[in-house]
$ cat structure.cif   # mmCIF, C-alpha atoms
data_model
loop_
_atom_site.label_atom_id
_atom_site.label_comp_id
_atom_site.auth_asym_id
_atom_site.auth_seq_id
_atom_site.Cartn_x
_atom_site.Cartn_y
_atom_site.Cartn_z
CA MET A 887 54.24 -105.09 62.48
CA ARG A 888 53.49 -106.62 65.90
CA ARG A 889 51.48 -103.56 66.95
CA ARG A 890 49.55 -103.64 63.70
CA SER A 891 48.61 -107.30 64.19
CA ARG A 892 47.43 -106.53 67.72
CA GLU A 893 45.29 -103.66 66.48
CA ILE A 894 43.67 -105.97 63.93
CA ALA A 895 43.01 -108.60 66.63
CA GLU A 896 41.45 -105.91 68.83
CA ARG A 897 39.10 -104.75 66.08
CA LEU A 898 38.07 -108.26 65.13
CA SER A 899 37.22 -109.23 68.68
CA LEU A 900 35.44 -106.01 69.68
CA LEU A 901 32.04 -106.69 68.13
CA PRO A 902 31.71 -110.34 69.28
CA LEU A 903 32.74 -109.36 72.80
CA TRP A 904 30.36 -106.43 72.86
CA LEU A 905 27.47 -108.59 71.66
CA ARG A 906 28.29 -111.18 74.30
CA LEU A 907 28.39 -108.52 77.00
CA VAL A 908 25.05 -107.08 75.92
CA SER A 909 23.48 -110.54 75.60
CA ARG A 910 24.51 -111.50 79.13
CA GLY A 911 23.01 -108.28 80.42
CA SER A 912 19.70 -108.54 78.59
CA GLY A 913 16.42 -109.97 79.80
CA SER A 914 15.59 -110.83 83.37
CA ALA A 915 18.11 -112.23 85.83
CA PRO A 916 16.56 -114.82 88.16
CA GLY A 917 17.68 -114.39 91.74
CA LEU A 918 18.92 -110.84 91.21
CA ILE A 919 17.35 -107.46 92.01
CA GLU A 920 18.13 -104.36 89.95
CA GLU A 921 17.37 -100.74 90.78
CA ARG A 922 18.17 -97.45 89.06
CA ILE A 923 19.24 -94.35 91.01
CA GLU A 924 19.39 -90.86 89.47
CA PHE A 925 21.89 -88.37 90.85
CA GLY A 926 21.79 -85.55 88.29
CA PRO A 927 19.84 -84.04 85.37
CA ASP A 928 22.05 -85.47 82.61
CA PRO A 929 20.85 -88.87 81.31
CA ALA A 930 24.27 -90.33 82.05
CA GLN A 931 24.09 -89.34 85.71
CA HIS A 932 22.55 -92.49 87.09
CA ILE A 933 23.52 -95.73 88.78
CA LEU A 934 22.32 -99.28 88.28
CA ILE A 935 22.32 -101.31 91.49
CA VAL A 936 22.55 -105.08 91.02
CA ARG A 937 22.32 -107.44 93.98
CA SER A 938 21.34 -110.95 94.87
CA GLU A 939 18.04 -111.73 96.53
CA HIS A 940 20.10 -113.75 99.00
CA PRO A 941 23.37 -111.91 99.76
CA ALA A 942 26.30 -114.15 100.66
CA GLY A 943 27.63 -112.57 103.83
CA VAL A 944 28.87 -109.06 104.48
CA ARG A 945 31.29 -107.71 101.88
CA PRO A 946 32.45 -104.44 100.35
CA LEU A 947 30.11 -102.78 97.89
CA VAL A 948 31.56 -102.85 94.36
CA TYR A 949 31.32 -99.47 92.61
CA PHE A 950 32.12 -100.29 88.98
CA LEU A 951 32.77 -97.72 86.25
CA HIS A 952 32.36 -98.62 82.59
CA GLY A 953 34.86 -98.08 79.81
CA GLY A 954 34.40 -96.52 76.39
CA SER A 955 37.12 -93.84 76.06
CA TRP A 956 35.05 -91.55 78.34
CA LYS A 957 32.89 -91.12 75.22
CA TYR A 958 30.71 -94.23 75.02
CA GLY A 959 28.93 -96.66 77.29
CA SER A 960 26.44 -96.63 80.14
CA PRO A 961 25.66 -98.66 83.26
CA GLU A 962 23.08 -100.62 81.26
CA SER A 963 25.57 -101.62 78.56
CA PHE A 964 27.77 -103.14 81.29
CA ARG A 965 24.90 -104.70 83.23
CA ALA A 966 26.44 -108.15 82.72
CA ILE A 967 29.40 -107.16 84.89
CA GLY A 968 27.07 -106.11 87.68
CA ARG A 969 25.33 -109.46 87.40
CA PHE A 970 28.68 -111.26 87.51
CA PHE A 971 29.67 -109.60 90.78
CA ALA A 972 26.16 -109.97 92.24
CA ARG A 973 26.18 -113.70 91.57
CA HIS A 974 29.42 -113.88 93.52
CA GLY A 975 27.77 -112.22 96.51
CA TYR A 976 28.57 -108.53 96.00
CA ILE A 977 26.14 -105.64 95.94
CA THR A 978 27.26 -103.81 92.82
CA ALA A 979 26.68 -100.23 91.77
CA LEU A 980 27.34 -99.59 88.08
CA GLY A 981 28.12 -95.89 87.97
CA GLY A 982 27.35 -93.62 85.04
CA TYR A 983 29.12 -90.35 84.27
CA ARG A 984 28.86 -87.53 81.77
CA LEU A 985 30.65 -88.20 78.49
CA VAL A 986 32.95 -86.33 76.15
CA PRO A 987 32.84 -84.34 73.92
CA ASP A 988 29.90 -82.58 75.59
CA HIS A 989 31.57 -82.73 79.00
CA HIS A 990 35.27 -82.56 79.77
CA PHE A 991 37.21 -83.45 82.89
CA PRO A 992 36.61 -83.02 85.84
CA ALA A 993 32.92 -83.72 85.09
CA GLN A 994 33.59 -87.46 84.91
CA ARG A 995 35.48 -87.57 88.22
CA ASP A 996 32.89 -85.38 89.92
CA ASP A 997 30.12 -87.71 88.76
CA VAL A 998 31.90 -90.66 90.32
CA PHE A 999 31.89 -88.89 93.67
CA ALA A 1000 28.28 -87.76 93.25
CA GLY A 1001 27.24 -91.30 92.38
CA ILE A 1002 28.97 -92.77 95.41
CA ALA A 1003 27.31 -90.18 97.63
CA ALA A 1004 23.92 -91.09 96.16
CA VAL A 1005 24.52 -94.76 96.92
CA MET A 1006 25.49 -93.88 100.49
CA ARG A 1007 22.30 -91.87 100.93
CA GLY A 1008 20.33 -94.85 99.67
CA GLY A 1009 21.60 -97.01 102.50
CA TRP A 1010 23.30 -99.58 100.31
CA PHE A 1011 26.52 -99.40 102.29
CA THR A 1012 24.80 -101.02 105.27
CA ASP A 1013 22.61 -103.61 103.53
CA ALA A 1014 24.68 -106.82 103.37
CA CYS A 1015 27.70 -104.55 103.04
CA ASP A 1016 30.50 -103.90 105.52
CA GLY A 1017 30.41 -100.13 105.00
CA SER A 1018 33.36 -100.04 102.61
CA VAL A 1019 33.59 -99.72 98.84
CA LEU A 1020 35.72 -101.47 96.25
CA LEU A 1021 36.34 -98.94 93.47
CA ALA A 1022 36.57 -100.78 90.17
CA GLY A 1023 36.49 -100.10 86.45
CA GLN A 1024 37.60 -101.14 83.01
CA SER A 1025 39.65 -98.99 80.63
CA ALA A 1026 38.43 -95.38 81.07
CA GLY A 1027 36.47 -96.65 84.06
CA GLY A 1028 39.68 -98.00 85.58
CA HIS A 1029 41.13 -94.52 85.24
CA LEU A 1030 38.19 -93.00 87.13
CA ALA A 1031 38.29 -95.68 89.81
CA ALA A 1032 41.97 -94.94 90.43
CA LEU A 1033 41.32 -91.20 90.65
CA ALA A 1034 38.48 -91.74 93.10
CA ALA A 1035 40.76 -93.88 95.24
CA PHE A 1036 43.94 -91.81 95.21
CA ASP A 1037 42.99 -88.16 94.64
CA GLU A 1038 42.33 -87.60 98.33
CA GLU A 1039 41.99 -83.82 98.04
CA ALA A 1040 39.25 -84.05 95.40
CA ARG A 1041 37.47 -86.77 97.36
CA GLU A 1042 37.49 -84.67 100.52
CA ALA A 1043 36.23 -81.64 98.59
CA ALA A 1044 33.32 -83.80 97.43
CA GLY A 1045 32.43 -84.60 101.04
CA LEU A 1046 33.75 -88.17 100.90
CA GLY A 1047 36.88 -87.76 102.98
CA ASP A 1048 35.71 -90.47 105.40
CA LEU A 1049 34.82 -92.98 102.68
CA ARG A 1050 36.13 -96.41 103.59
CA ILE A 1051 37.92 -97.75 100.53
CA ALA A 1052 38.42 -101.52 100.64
CA GLY A 1053 40.49 -101.59 97.46
CA MET A 1054 40.89 -100.49 93.86
CA LEU A 1055 40.53 -102.80 90.86
CA ALA A 1056 41.55 -101.59 87.40
CA VAL A 1057 41.12 -103.71 84.27
CA SER A 1058 42.95 -102.38 81.19
CA GLY A 1059 43.08 -99.08 83.06
CA VAL A 1060 44.38 -95.75 81.74
CA LEU A 1061 46.59 -95.23 84.78
CA ASP A 1062 49.78 -93.39 83.79
CA PHE A 1063 49.55 -90.62 81.22
CA SER A 1064 53.32 -90.19 80.91
CA VAL A 1065 53.70 -93.79 79.74
CA LEU A 1066 50.62 -93.73 77.54
CA CYS A 1067 51.43 -90.33 76.02
CA PRO A 1068 55.15 -89.47 76.22
CA GLU A 1069 54.39 -86.69 73.73
CA ARG A 1070 51.13 -84.84 74.36
CA SER A 1071 50.98 -83.69 70.75
CA VAL A 1072 50.16 -87.26 69.66
CA CYS A 1073 47.66 -88.24 72.34
CA PRO A 1074 44.15 -87.35 71.11
CA LEU A 1075 42.48 -89.67 73.62
CA ILE A 1076 43.59 -87.66 76.65
CA GLU A 1077 43.29 -84.38 74.79
CA GLN A 1078 39.61 -85.11 74.14
CA LEU A 1079 39.04 -85.92 77.81
CA MET A 1080 40.75 -82.75 78.98
CA GLY A 1081 39.47 -80.46 76.22
CA GLY A 1082 43.04 -79.45 75.38
CA ARG A 1083 46.66 -80.01 76.34
CA GLU A 1084 46.73 -78.21 79.67
CA GLY A 1085 46.27 -79.42 83.22
CA TRP A 1086 46.66 -83.10 82.49
CA GLU A 1087 48.21 -83.79 85.89
CA ARG A 1088 44.78 -83.13 87.45
CA ALA A 1089 43.47 -86.26 85.74
CA ASP A 1090 46.55 -88.50 85.82
CA PRO A 1091 46.19 -91.26 88.46
CA ALA A 1092 49.96 -91.74 88.53
CA HIS A 1093 50.29 -88.13 89.71
CA PHE A 1094 48.45 -88.97 92.95
CA VAL A 1095 49.51 -92.49 93.78
CA HIS A 1096 53.07 -92.04 95.07
CA GLY A 1097 53.04 -91.46 98.81
CA ALA A 1098 49.27 -91.90 98.98
CA ALA A 1099 47.42 -94.19 101.35
CA CYS A 1100 48.28 -97.89 100.98
CA ILE A 1101 45.02 -98.97 99.38
CA PRO A 1102 44.97 -102.61 98.22
CA THR A 1103 45.23 -102.39 94.44
CA LEU A 1104 44.91 -104.95 91.68
CA CYS A 1105 45.71 -103.96 88.09
CA LEU A 1106 44.89 -106.55 85.42
CA HIS A 1107 45.95 -105.98 81.83
CA GLY A 1108 46.38 -107.73 78.52
CA SER A 1109 49.97 -108.08 77.36
CA ARG A 1110 48.87 -107.55 73.76
CA ASP A 1111 46.87 -104.39 74.41
CA PRO A 1112 47.40 -102.01 71.43
CA LEU A 1113 45.28 -99.18 72.90
CA VAL A 1114 46.61 -98.90 76.45
CA PRO A 1115 49.99 -100.64 76.53
CA VAL A 1116 50.58 -103.05 79.39
CA GLU A 1117 53.46 -100.87 80.58
CA VAL A 1118 50.90 -98.24 81.65
CA ALA A 1119 49.51 -100.51 84.39
CA ALA A 1120 52.93 -101.86 85.35
CA SER A 1121 54.29 -98.33 85.82
CA PHE A 1122 51.31 -97.33 87.96
CA VAL A 1123 51.80 -100.30 90.27
CA LEU A 1124 55.51 -99.55 90.65
CA ARG A 1125 54.66 -95.97 91.61
CA ALA A 1126 52.00 -97.13 94.05
CA ASN A 1127 54.31 -99.51 95.86
CA GLY A 1128 57.27 -97.14 95.94
CA THR A 1129 60.43 -98.63 97.40
CA GLU A 1130 58.90 -100.67 100.21
CA GLY A 1131 55.20 -101.27 99.53
CA ASP A 1132 53.57 -104.44 98.26
CA HIS A 1133 49.89 -103.46 98.48
CA ALA A 1134 49.58 -102.94 94.71
CA VAL A 1135 49.64 -105.98 92.44
CA PHE A 1136 50.01 -106.14 88.67
CA MET A 1137 49.09 -109.20 86.63
CA ALA A 1138 48.96 -109.64 82.86
CA ASP A 1139 47.10 -112.04 80.62
CA PRO A 1140 49.72 -112.92 77.98
CA ASP A 1141 47.09 -113.74 75.36
CA ALA A 1142 44.74 -110.77 75.86
CA HIS A 1143 44.61 -107.35 74.23
CA HIS A 1144 42.26 -104.56 75.38
CA SER A 1145 38.61 -105.42 74.98
CA ASP A 1146 38.95 -109.14 75.51
CA MET A 1147 39.93 -108.54 79.13
CA THR A 1148 36.13 -108.47 79.44
CA ARG A 1149 36.47 -112.26 79.57
CA LEU A 1150 37.23 -111.76 83.25
CA PHE A 1151 33.52 -111.29 83.79
CA PHE A 1152 32.53 -114.25 81.64
CA GLY A 1153 34.61 -116.58 83.80
CA THR A 1154 36.77 -117.57 80.83
CA SER A 1155 39.92 -115.61 81.66
CA PRO A 1156 42.83 -117.29 83.48
CA LEU A 1157 42.77 -114.27 85.82
CA THR A 1158 39.10 -114.54 86.84
CA ARG A 1159 39.85 -116.74 89.83
CA THR A 1160 42.77 -114.52 90.80
CA MET A 1161 40.51 -111.47 90.80
CA LEU A 1162 37.81 -113.14 92.87
CA ASP A 1163 40.32 -114.49 95.39
CA TRP A 1164 41.86 -111.02 95.76
CA MET A 1165 38.42 -109.54 96.33
CA GLY A 1166 37.61 -112.19 98.90
CA ASP A 1167 40.74 -111.33 100.87
CA LEU A 1168 39.90 -107.62 101.20
#

$ encode --input "structure.cif" --output "structure tokens"
Amino acid sequence: MRRRSREIAERLSLLPLWLRLVSRGSGSAPGLIEERIEFGPDPAQHILIVRSEHPAGVRPLVYFLHGGSWKYGSPESFRAIGRFFARHGYITALGGYRLVPDHHFPAQRDDVFAGIAAVMRGGWFTDACDGSVLLAGQSAGGHLAALAAFDEEAREAAGLGDLRIAGMLAVSGVLDFSVLCPERSVCPLIEQLMGGREGWERADPAHFVHGAACIPTLCLHGSRDPLVPVEVAASFVLRANGTEGDHAVFMADPDAHHSDMTRLFFGTSPLTRTMLDWMGDL
């Protein structure tokens, strides 16, 4: 019954939140500069750069990946998040990636690496930026941000082995497949991403995080999330820290479900200040 009520709350809030996100990203944005970068022939293979006309000091570049079950969304639909970060002094790259069902994993991960490489070629990592990148994303985007941060072998194969990663931020992230899908036969979300039930460990962030580099990590989640249970993020953070680490932090909004974690970027979440303070300490 509790899960059912959370699912209803999620559905009821989705459209108002989406409209608010789109509204905040529409029209012109005084004081901000926006630029589109193509990095492949597919329409989804592009990046939207959002930055302030007057950058506030030298900071990591935020590379943000949108959510949408790896099936929906675009950099433009999440433009408001780029504007949020830009108004707080960060050059932000909203990364696009090819979507399912036309493209299965690892196309999405590979597009993240290709997008980052395109941003590096464009010189954005040296313009009011300290040469490092904060990998960030929401939901499916949080999953891709975590993979980009912790799958070191894939990153090196993409020519980004020397990428300076300032941190990883996941909001409502799909971070531990074993917790999300204890039985693969009842997990259509991951099955659609992978195009089947084989090789899931290649796309599971939790598979890479234990024993990996101690990258500062912040995982924010809604305690009432009916789509990606809060235990998914908590488990990932426990794996990341291992027995002695404390570089990964998990925090939950007790009143939030999945989509309304977007409130972080409206400034109306109790965790907004926490997120910004964490970013400022990187």

$ closest_residue --input "structure.cif" --among "A:Gly1047, A:Ala972, A:Gly1053, A:Val1060" --to "A:Ala1003" --atoms "only C-alpha atoms"
A:Gly1047

$ closest_atom_pairs --input "structure.cif" --of "stretch 934-1006 of chain A" --to "stretch 1081-1104 of chain A" --cutoff "12 Å" --atoms "only C-alpha atoms" --output "Markdown table"
| residue | atom | partner | partner_atom | distance |
| --- | --- | --- | --- | --- |
| A:Leu985 | CA | A:Gly1081 | CA | 12.0 |
| A:Val986 | CA | A:Gly1081 | CA | 8.8 |
| A:Pro987 | CA | A:Gly1081 | CA | 8.0 |
| A:Asp988 | CA | A:Gly1081 | CA | 9.8 |
| A:His989 | CA | A:Gly1081 | CA | 8.7 |
| A:His990 | CA | A:Gly1081 | CA | 5.9 |
| A:Phe991 | CA | A:Ala1089 | CA | 7.4 |
| A:Pro992 | CA | A:Ala1089 | CA | 7.6 |
| A:Ala993 | CA | A:Ala1089 | CA | 10.9 |
| A:Gln994 | CA | A:Ala1089 | CA | 10.0 |
| A:Arg995 | CA | A:Ala1089 | CA | 8.5 |
| A:Asp996 | CA | A:Ala1089 | CA | 11.4 |

$ residues_around --input "structure.cif" --residues "A:Ala1032" --least-positions-apart "3" --cutoff "9 Å" --atoms "all atoms listed in the file" --output "list in words"
Leu1021, Ala1022, Gly1023, Gly1027, Gly1028, His1029, Ala1035, Phe1036, Asp1037, Met1054, Leu1055, Ala1056, Gly1059, Leu1061, Pro1091, Ala1092 and Val1095 of chain A

$ write_last_selection --input "structure.cif" --atoms "C-alpha atoms" --output "PDB file, in the frame of the given file"
ATOM      1  CA  LEU A1021      36.340 -98.940  93.470  1.00  0.00           C
ATOM      2  CA  ALA A1022      36.570-100.780  90.170  1.00  0.00           C
ATOM      3  CA  GLY A1023      36.490-100.100  86.450  1.00  0.00           C
ATOM      4  CA  GLY A1027      36.470 -96.650  84.060  1.00  0.00           C
ATOM      5  CA  GLY A1028      39.680 -98.000  85.580  1.00  0.00           C
ATOM      6  CA  HIS A1029      41.130 -94.520  85.240  1.00  0.00           C
ATOM      7  CA  ALA A1035      40.760 -93.880  95.240  1.00  0.00           C
ATOM      8  CA  PHE A1036      43.940 -91.810  95.210  1.00  0.00           C
ATOM      9  CA  ASP A1037      42.990 -88.160  94.640  1.00  0.00           C
ATOM     10  CA  MET A1054      40.890-100.490  93.860  1.00  0.00           C
ATOM     11  CA  LEU A1055      40.530-102.800  90.860  1.00  0.00           C
ATOM     12  CA  ALA A1056      41.550-101.590  87.400  1.00  0.00           C
ATOM     13  CA  GLY A1059      43.080 -99.080  83.060  1.00  0.00           C
ATOM     14  CA  LEU A1061      46.590 -95.230  84.780  1.00  0.00           C
ATOM     15  CA  PRO A1091      46.190 -91.260  88.460  1.00  0.00           C
ATOM     16  CA  ALA A1092      49.960 -91.740  88.530  1.00  0.00           C
ATOM     17  CA  VAL A1095      49.510 -92.490  93.780  1.00  0.00           C
TER      18      VAL A1095
END

$ resolve_selection --input "structure.cif" --expression "the PyMOL selection byres ((chain A and resi 1152-1159) around 12)" --output "count of residues only"
42

$ residues_around --input "structure.cif" --residues "A:His940" --least-positions-apart "2" --cutoff "9 Å" --atoms "all atoms listed in the file" --output "list in words"
Gly917, Leu918, Arg937, Ser938, Ala942 and Gly975 of chain A

$ atom_distance --input "structure.cif" --atom1 "atom CA of A:Gly1001" --atom2 "atom CA of A:Gly982"
7.7 Å

$ closest_residue --input "structure.cif" --among "A:Glu962, A:Ala1040, A:Val948, A:Gly1017" --to "A:Gly913" --atoms "all atoms listed in the file"
A:Glu962

$ atom_distance --input "structure.cif" --atom1 "atom CA of A:Ser1064" --atom2 "atom CA of A:Glu1117"
10.7 Å

$ closest_residue --input "structure.cif" --among "A:Leu951, A:Leu1113, A:Ala979, A:Val1005" --to "A:Ala1034" --atoms "all atoms listed in the file"
A:Leu951

$ closest_residue --input "structure.cif" --among "A:Val1114, A:Glu1077, A:Ala1031, A:Ile919" --to "A:Asp1062" --atoms "all atoms listed in the file"
A:Val1114

$ closest_residue --input "structure.cif" --among "A:Ala1000, A:Leu1075, A:Ser963, A:Glu921" --to "A:Gly1045" --atoms "all atoms listed in the file"
A:Ala1000
